[in-house]
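File shown: structure.cif (mmCIF, C-alpha atoms).
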data_target
loop_
_atom_site.label_atom_id
_atom_site.label_comp_id
_atom_site.auth_asym_id
_atom_site.auth_seq_id
_atom_site.Cartn_x
_atom_site.Cartn_y
_atom_site.Cartn_z
CA MET A 1 99.64 119.04 113.97
CA ASN A 2 101.92 119.33 110.96
CA THR A 3 104.52 121.21 113.02
CA THR A 4 104.32 118.61 115.79
CA VAL A 5 104.89 115.77 113.34
CA VAL A 6 107.93 117.50 111.82
CA ILE A 7 109.43 118.30 115.24
CA LEU A 8 108.98 114.69 116.37
CA GLY A 9 110.57 113.41 113.17
CA LEU A 10 113.57 115.71 113.52
CA THR A 11 113.96 114.76 117.20
CA ILE A 12 113.98 111.04 116.34
CA ASN A 13 116.54 111.70 113.62
CA TYR A 14 118.73 113.50 116.16
CA ILE A 15 118.54 110.51 118.52
CA ASN A 16 119.30 108.12 115.65
CA ALA A 17 122.28 110.25 114.59
CA ALA A 18 123.57 110.21 118.18
CA MET A 19 123.28 106.42 118.24
CA ILE A 20 125.19 106.11 114.98
CA HIS A 21 127.89 108.40 116.39
CA THR A 22 128.04 106.26 119.55
CA PHE A 23 128.47 103.11 117.46
CA HIS A 24 131.32 104.52 115.38
CA LYS A 25 133.05 105.94 118.43
CA HIS A 26 133.48 102.61 120.26
CA ASP A 27 135.33 99.69 118.69
CA ILE A 28 133.73 97.19 121.05
CA LEU A 29 130.37 97.89 119.41
CA LYS A 30 131.74 97.68 115.88
CA MET A 31 133.01 94.15 116.53
CA ASN A 32 129.63 92.78 117.62
CA PRO A 33 127.21 91.54 114.89
CA ARG A 34 124.19 92.36 117.07
CA TYR A 35 125.13 96.04 117.30
CA ILE A 36 125.99 96.14 113.60
CA LEU A 37 122.50 94.91 112.71
CA PHE A 38 120.94 97.33 115.19
CA ILE A 39 122.82 100.35 113.90
CA HIS A 40 121.93 99.29 110.36
CA LEU A 41 118.26 99.48 111.40
CA VAL A 42 118.87 102.92 112.95
CA LEU A 43 120.61 104.18 109.80
CA ASN A 44 117.79 102.79 107.68
CA ASP A 45 115.23 104.62 109.88
CA LEU A 46 117.28 107.81 109.63
CA LEU A 47 117.21 107.71 105.82
CA LEU A 48 113.54 106.75 105.76
CA LEU A 49 112.49 109.57 108.08
CA THR A 50 114.62 112.13 106.24
CA SER A 51 113.05 111.33 102.86
CA SER A 52 109.53 110.93 104.33
CA ILE A 53 109.68 114.20 106.27
CA SER A 54 110.91 115.99 103.15
CA ILE A 55 107.91 114.65 101.21
CA PHE A 56 105.61 115.58 104.10
CA ILE A 57 106.90 119.17 104.28
CA TYR A 58 106.56 119.66 100.53
CA SER A 59 103.07 118.11 100.62
CA PHE A 60 101.59 120.51 103.17
CA THR A 61 103.44 123.58 101.87
CA LEU A 62 103.31 123.13 98.08
CA ASN A 63 100.62 120.41 97.89
CA THR A 64 102.13 119.02 94.68
CA LEU A 65 105.59 118.34 93.27
CA TYR A 66 107.01 117.68 89.84
CA VAL A 67 107.21 113.93 89.27
CA SER A 68 110.96 114.11 88.63
CA ILE A 69 111.56 115.86 91.99
CA CYS A 70 109.14 113.56 93.79
CA LEU A 71 111.14 110.54 92.60
CA VAL A 72 114.29 111.89 94.28
CA PHE A 73 112.60 111.64 97.69
CA LEU A 74 110.23 108.77 96.97
CA LEU A 75 112.80 106.19 95.87
CA PRO A 76 114.86 106.30 99.11
CA ALA A 77 111.64 106.14 101.14
CA ILE A 78 110.47 103.04 99.26
CA LEU A 79 113.89 101.40 99.41
CA THR A 80 114.30 101.87 103.16
CA SER A 81 110.72 100.80 103.92
CA GLN A 82 111.43 97.56 102.03
CA ASN A 83 114.60 97.08 104.09
CA THR A 84 112.85 97.25 107.47
CA PRO A 85 111.14 93.83 107.58
CA LEU A 86 114.26 92.12 106.23
CA ILE A 87 116.47 93.71 108.91
CA LEU A 88 114.01 92.65 111.62
CA GLY A 89 114.05 89.11 110.26
CA PHE A 90 117.85 88.89 110.39
CA MET A 91 117.89 90.41 113.89
CA ALA A 92 115.50 87.68 115.04
CA ALA A 93 117.71 85.05 113.40
CA GLU A 94 120.73 86.43 115.29
CA CYS A 95 118.84 86.08 118.59
CA TYR A 96 117.95 82.49 117.69
CA ILE A 97 121.56 81.56 116.93
CA SER A 98 122.88 83.15 120.14
CA VAL A 99 120.49 81.09 122.29
CA CYS A 100 119.88 77.84 120.41
CA VAL A 101 123.34 77.25 118.89
CA PRO A 102 125.65 79.31 121.13
CA LEU A 103 128.70 77.13 120.46
CA ARG A 104 128.55 77.96 116.75
CA TYR A 105 127.59 81.61 117.21
CA GLU A 106 131.09 83.02 116.71
CA ASN A 107 131.55 80.96 113.54
CA ILE A 108 128.16 81.84 112.03
CA CYS A 109 127.71 85.44 113.15
CA THR A 110 130.97 87.10 112.17
CA VAL A 111 131.46 90.78 111.42
CA LYS A 112 132.26 90.02 107.77
CA ARG A 113 129.12 87.91 107.30
CA THR A 114 127.01 90.55 108.99
CA TYR A 115 128.13 93.17 106.47
CA ILE A 116 127.46 90.67 103.67
CA VAL A 117 123.92 90.26 105.04
CA MET A 118 123.51 94.04 104.99
CA GLY A 119 124.59 94.10 101.36
CA ILE A 120 122.11 91.34 100.52
CA ILE A 121 119.30 93.30 102.19
CA TRP A 122 120.02 96.42 100.12
CA ALA A 123 120.40 94.34 96.94
CA LEU A 124 117.04 92.61 97.44
CA SER A 125 115.27 95.89 98.14
CA SER A 126 116.89 97.54 95.11
CA LEU A 127 115.80 94.68 92.87
CA THR A 128 112.19 95.23 93.92
CA ILE A 129 112.33 98.90 92.88
CA LEU A 130 114.15 98.55 89.55
CA PRO A 131 111.16 96.91 87.79
CA ASP A 132 108.99 99.86 88.86
CA LEU A 133 111.45 102.28 87.28
CA PHE A 134 111.59 100.27 84.06
CA ILE A 135 107.79 100.07 83.90
CA LEU A 136 107.55 103.83 84.58
CA LEU A 137 109.99 104.68 81.79
CA ALA A 138 108.32 102.26 79.38
CA THR A 139 104.69 103.23 79.98
CA GLU A 140 104.77 106.97 80.72
CA PRO A 141 105.58 109.72 78.20
CA LEU A 142 108.40 112.17 78.87
CA GLN A 143 105.88 114.92 79.65
CA PHE A 144 104.69 112.95 82.68
CA PHE A 145 107.91 113.79 84.56
CA TYR A 146 107.11 117.50 84.25
CA LEU A 147 103.61 117.14 85.71
CA ARG A 148 102.82 118.17 89.27
CA VAL A 149 101.29 115.44 91.46
CA VAL A 150 100.71 114.69 95.13
CA CYS A 151 103.94 112.88 96.00
CA LEU A 152 102.63 109.41 96.77
CA ARG A 153 103.83 106.08 95.39
CA ASP A 154 100.57 105.22 93.63
CA ASN A 155 100.48 108.65 91.94
CA VAL A 156 103.94 108.12 90.42
CA PHE A 157 104.08 104.37 89.82
CA ARG A 158 100.49 104.22 88.63
CA SER A 159 100.78 101.32 86.21
CA SER A 160 98.67 98.27 87.11
CA LEU A 161 101.81 96.14 86.69
CA SER A 162 103.64 98.20 89.30
CA ILE A 163 100.75 97.94 91.73
CA LYS A 164 100.51 94.15 91.31
CA LYS A 165 104.26 93.80 91.64
CA ARG A 166 104.27 95.96 94.76
CA ASP A 167 101.55 93.88 96.41
CA ALA A 168 103.31 90.62 95.52
CA THR A 169 106.62 91.90 96.91
CA HIS A 170 105.03 93.04 100.15
CA ILE A 171 103.28 89.71 100.63
CA LEU A 172 106.46 87.75 99.89
CA PHE A 173 108.64 89.79 102.25
CA LEU A 174 106.11 89.74 105.06
CA VAL A 175 105.39 86.00 104.78
CA VAL A 176 109.11 85.17 104.86
CA VAL A 177 109.76 87.49 107.81
CA TRP A 178 106.74 86.31 109.80
CA ILE A 179 107.75 82.67 109.30
CA THR A 180 111.25 83.59 110.50
CA LEU A 181 109.87 85.38 113.57
CA PHE A 182 107.54 82.51 114.52
CA TYR A 183 110.20 79.87 114.01
CA THR A 184 112.85 81.73 115.99
CA TYR A 185 110.43 82.62 118.78
CA PHE A 186 109.18 79.08 119.36
CA SER A 187 112.68 77.67 119.00
CA VAL A 188 113.90 80.01 121.72
CA LEU A 189 110.75 79.30 123.75
CA PHE A 190 111.69 75.61 123.96
CA ALA A 191 115.39 76.28 124.45
CA ALA A 192 117.32 74.34 127.09
CA LYS A 193 116.79 75.33 130.73
CA ALA A 194 120.50 75.97 131.02
CA ALA A 195 120.01 79.07 128.90
CA ALA A 196 116.77 80.12 130.60
CA SER A 197 117.83 83.71 131.36
CA ASN A 198 119.21 84.34 127.88
CA ALA A 199 116.22 82.58 126.32
CA LYS A 200 113.76 84.80 128.17
CA LYS A 201 115.50 87.96 127.01
CA ALA A 202 115.69 86.64 123.44
CA ARG A 203 111.98 85.76 123.45
CA ASN A 204 111.11 89.29 124.56
CA THR A 205 113.38 90.72 121.87
CA ILE A 206 111.75 88.62 119.14
CA LEU A 207 108.30 89.66 120.37
CA ILE A 208 109.43 93.27 120.09
CA HIS A 209 110.56 92.54 116.53
CA GLY A 210 107.03 91.29 115.83
CA CYS A 211 105.41 94.39 117.32
CA GLN A 212 107.79 96.60 115.36
CA LEU A 213 106.93 94.72 112.18
CA LEU A 214 103.20 95.15 112.82
CA LEU A 215 103.71 98.92 113.12
CA CYS A 216 105.83 99.01 109.97
CA MET A 217 103.12 97.07 108.11
CA THR A 218 100.78 100.06 108.46
CA VAL A 219 102.60 101.63 105.51
CA TYR A 220 100.98 98.97 103.32
CA VAL A 221 97.47 100.02 104.37
CA GLN A 222 98.07 103.78 104.41
CA PRO A 223 95.41 104.53 101.74
CA LEU A 224 92.83 102.58 103.78
CA LEU A 225 93.82 104.46 106.93
CA ILE A 226 93.37 107.78 105.16
CA GLN A 227 89.88 106.75 104.01
CA PHE A 228 88.99 105.44 107.47
CA PHE A 229 90.06 108.60 109.34
CA THR A 230 88.49 110.85 106.70
CA TYR A 231 85.17 109.08 107.26
CA LEU A 232 85.42 109.30 111.07
CA PHE A 233 86.94 112.78 111.38
CA PRO A 234 86.02 114.93 108.38
CA GLY A 235 88.00 118.17 108.28
CA ALA A 236 90.79 116.89 110.54
CA PRO A 237 94.47 116.92 109.38
CA ILE A 238 94.22 113.33 108.18
CA PHE A 239 97.49 113.27 106.25
CA ALA A 240 99.43 114.38 109.34
CA VAL A 241 97.71 111.80 111.54
CA THR A 242 98.37 108.92 109.14
CA PHE A 243 101.97 110.08 108.63
CA PHE A 244 102.48 109.99 112.40
CA ILE A 245 101.05 106.45 112.67
CA VAL A 246 102.80 105.05 109.61
CA GLN A 247 106.21 106.74 109.73
CA ILE A 248 106.86 108.49 113.06
CA LEU A 249 105.53 105.98 115.60
CA PRO A 250 107.48 102.89 114.41
CA ARG A 251 110.74 104.91 114.23
CA PHE A 252 110.05 106.50 117.62
CA LEU A 253 110.00 103.06 119.24
CA SER A 254 113.15 101.71 117.54
CA PRO A 255 115.77 103.60 119.59
CA ILE A 256 113.89 102.95 122.83
CA ILE A 257 113.14 99.24 122.53
CA TYR A 258 116.44 98.28 120.92
CA GLY A 259 119.16 100.72 121.93
CA LEU A 260 118.13 101.60 125.50
CA ARG A 261 117.22 98.00 126.44
CA ASP A 262 120.80 96.91 125.92
CA LYS A 263 122.91 97.82 128.97
CA THR A 264 126.20 98.04 127.10
CA PHE A 265 124.91 100.25 124.30
CA LYS A 266 122.86 102.34 126.74
CA LYS A 267 125.98 103.06 128.82
CA PHE A 268 127.98 104.27 125.81
CA PHE A 269 125.02 106.16 124.34
CA LEU A 270 124.20 108.11 127.52
CA ARG A 271 127.89 108.91 127.99
CA THR A 272 128.07 110.30 124.45
CA VAL A 273 124.90 112.38 124.84
CA MET A 274 125.91 113.80 128.22
CA CYS A 275 129.41 114.60 126.96
CA THR A 276 128.03 116.41 123.90
CA PHE A 277 125.49 118.32 125.99
CA THR A 278 128.10 119.41 128.55
CA ILE A 279 130.51 120.57 125.86
CA LYS A 280 127.78 122.66 124.24
CA ILE A 281 126.83 124.26 127.56
CA ASN A 282 130.42 124.94 128.67
CA PRO A 283 133.15 124.45 126.04
CA ASN A 284 135.83 125.03 128.71
CA LYS A 285 134.97 121.65 130.25
CA ARG A 286 135.79 119.78 127.08
CA MET A 287 139.15 118.54 128.29
CA LYS A 288 137.61 117.36 131.55
CA MET A 289 134.99 115.30 129.69
CA LEU A 290 137.52 113.48 127.53
CA PRO A 291 138.32 109.94 128.78
#
Kindly transcribe the structure held in the file into structure tokens.
Amino acid sequence: MNTTVVILGLTINYINAAMIHTFHKHDILKMNPRYILFIHLVLNDLLLLTSSISIFIYSFTLNTLYVSICLVFLLPAILTSQNTPLILGFMAAECYISVCVPLRYENICTVKRTYIVMGIIWALSSLTILPDLFILLATEPLQFFYLRVVCLRDNVFRSSLSIKKRDATHILFLVVVWITLFYTYFSVLFAAKAAASNAKKARNTILIHGCQLLLCMTVYVQPLLIQFFTYLFPGAPIFAVTFFIVQILPRFLSPIIYGLRDKTFKKFFLRTVMCTFTIKINPNKRMKMLP
């Protein structure tokens, strides 16, 4: 089970890396705010899976890690998990603007503003982690960083203040994002009939954002899931099962429901994958594969 989880995680990371390569290879994608937001989500998932899989491997091989080493992997995992709902919220807002205010879309959703939004997302997520670091440094002695612990957030940031702050941040982010999703969905739902085809596609996309957010929310109830599966299936590899549900499954769906649903991105992505595969099989065909 542990090996399966790791292989799946590495496979998803390979797909995500191929999508990032596809994005950077084609200028037409880099000039579209929708693809910029999407590839930002893919990059975020890539970083999250890399740090999470590293923690997972160390957990089932070494069981415990020094707190100082655990922080190196734990901080990126926390940061990127905080980013996910915010990215989904902005992606839903972009769908709403494209359908409900199409005449102002090019003025509102520019490439420059999209990158500013990305910076705001990372800044907000960083600001939620900094208090935890300050509380950790203020409440724990220096010897704590040389202790070996199971590399989980609650085992490192174990102060009651950090736990309360974490819960408040999660609630705030999720409430704001859910309000955004509901508002954008119903706004698109009642969009003008003239944009019926675009509105239908946008509604489906926003629903997918909601499903993706529900899956990502499982990270907030991971301790409860561990207790639940331990009670139902004693002796089973519970940590691997919960890791698959919380980390692997949401990231497995991202490339499929976002990248491959879009005809333009799918065309470029499949072309890139097939070209890479052919070159690896027969390097002599490289010149023939070049456009």
Answer key for the PyMOL selection byres ((chain A and resi 9) around 10), residues as a ChimeraX atom specification: /A:3-8,10-14,46,49-50,52-53,244,247-249,251-252
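When all atoms listed in the file are used to compute distances to Asn32 in chain A, the closest of the residues A:Asn44, A:Thr169, A:Tyr183, A:Thr264 turns out to be A:Thr264.
Take CA of Leu48 in chain A and CA of Ala77 in chain A: the distance between them is 5.0 Å.
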Residues in the PyMOL selection byres ((chain A and resi 213) around 9), expressed as a PyMOL selection string: chain A and resi 84-85+88+174+177-178+208-212+214-218+250
Please evaluate the PyMOL selection byres ((chain A and resi 96) around 10) against the structure above and give the resulting residues as a PDB file with C-alpha atoms, keeping the file's coordinate frame.
ATOM      1  CA  PHE A  90     117.850  88.890 110.390  1.00  0.00           C
ATOM      2  CA  MET A  91     117.890  90.410 113.890  1.00  0.00           C
ATOM      3  CA  ALA A  92     115.500  87.680 115.040  1.00  0.00           C
ATOM      4  CA  ALA A  93     117.710  85.050 113.400  1.00  0.00           C
ATOM      5  CA  GLU A  94     120.730  86.430 115.290  1.00  0.00           C
ATOM      6  CA  CYS A  95     118.840  86.080 118.590  1.00  0.00           C
ATOM      7  CA  ILE A  97     121.560  81.560 116.930  1.00  0.00           C
ATOM      8  CA  SER A  98     122.880  83.150 120.140  1.00  0.00           C
ATOM      9  CA  VAL A  99     120.490  81.090 122.290  1.00  0.00           C
ATOM     10  CA  CYS A 100     119.880  77.840 120.410  1.00  0.00           C
ATOM     11  CA  VAL A 101     123.340  77.250 118.890  1.00  0.00           C
ATOM     12  CA  PRO A 102     125.650  79.310 121.130  1.00  0.00           C
ATOM     13  CA  TYR A 105     127.590  81.610 117.210  1.00  0.00           C
ATOM     14  CA  THR A 180     111.250  83.590 110.500  1.00  0.00           C
ATOM     15  CA  LEU A 181     109.870  85.380 113.570  1.00  0.00           C
ATOM     16  CA  TYR A 183     110.200  79.870 114.010  1.00  0.00           C
ATOM     17  CA  THR A 184     112.850  81.730 115.990  1.00  0.00           C
ATOM     18  CA  TYR A 185     110.430  82.620 118.780  1.00  0.00           C
ATOM     19  CA  PHE A 186     109.180  79.080 119.360  1.00  0.00           C
ATOM     20  CA  SER A 187     112.680  77.670 119.000  1.00  0.00           C
ATOM     21  CA  VAL A 188     113.900  80.010 121.720  1.00  0.00           C
ATOM     22  CA  LEU A 189     110.750  79.300 123.750  1.00  0.00           C
ATOM     23  CA  ALA A 191     115.390  76.280 124.450  1.00  0.00           C
ATOM     24  CA  ALA A 199     116.220  82.580 126.320  1.00  0.00           C
ATOM     25  CA  ALA A 202     115.690  86.640 123.440  1.00  0.00           C
ATOM     26  CA  ARG A 203     111.980  85.760 123.450  1.00  0.00           C
ATOM     27  CA  ILE A 206     111.750  88.620 119.140  1.00  0.00           C
TER      28      ILE A 206
END
Pick the closest to Cys151 in chain A from A:Met1, A:Ala240, A:Val175, A:Leu74: which is it, counting all atoms listed in the file? A:Leu74
Which protein, DNA or RNA residues have an atom at most 7 Å from (107.4, 111.5, 93.4), counting all atoms listed in the file? List them as a PyMOL selection string. chain A and resi 67-74+151-153+156
Hey, what's within 12 Å of Gly119 in chain A if we count all atoms listed in the file and toss same-chain stuff fewer than 3 positions away? As an MDAnalysis selection string, please? chainID A and resid 37 40 83 86:87 112:116 122:126
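Reported to one decimal place, the separation of CA of Asn107 in chain A from CA of Asp262 in chain A is 22.9 Å.
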One number please: CA of Tyr66 in chain A to CA of Gln82 in chain A, in Å, one decimal. 23.9 Å
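The smallest atom-to-atom distance between Ile55 in chain A and any of A:Leu260, A:Gln143, A:Phe243, A:Arg104, using all atoms listed in the file, is found for A:Phe243.
You can rank A:Thr110, A:Gln227, A:Ser162, A:Thr128 by their closest distance to Arg34 in chain A using all atoms listed in the file, and at the top of that list sits A:Thr110.
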Option closest in space to Val150 in chain A, from A:Ile238, A:Leu65, A:Met19, A:Leu270 [counting all atoms listed in the file]: A:Leu65
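Comparing the minimum interatomic distances between Ile245 in chain A and each of A:Ile121, A:Met31, A:Phe229, A:Leu79, counting only C-alpha atoms, we find that A:Phe229 sits nearest.
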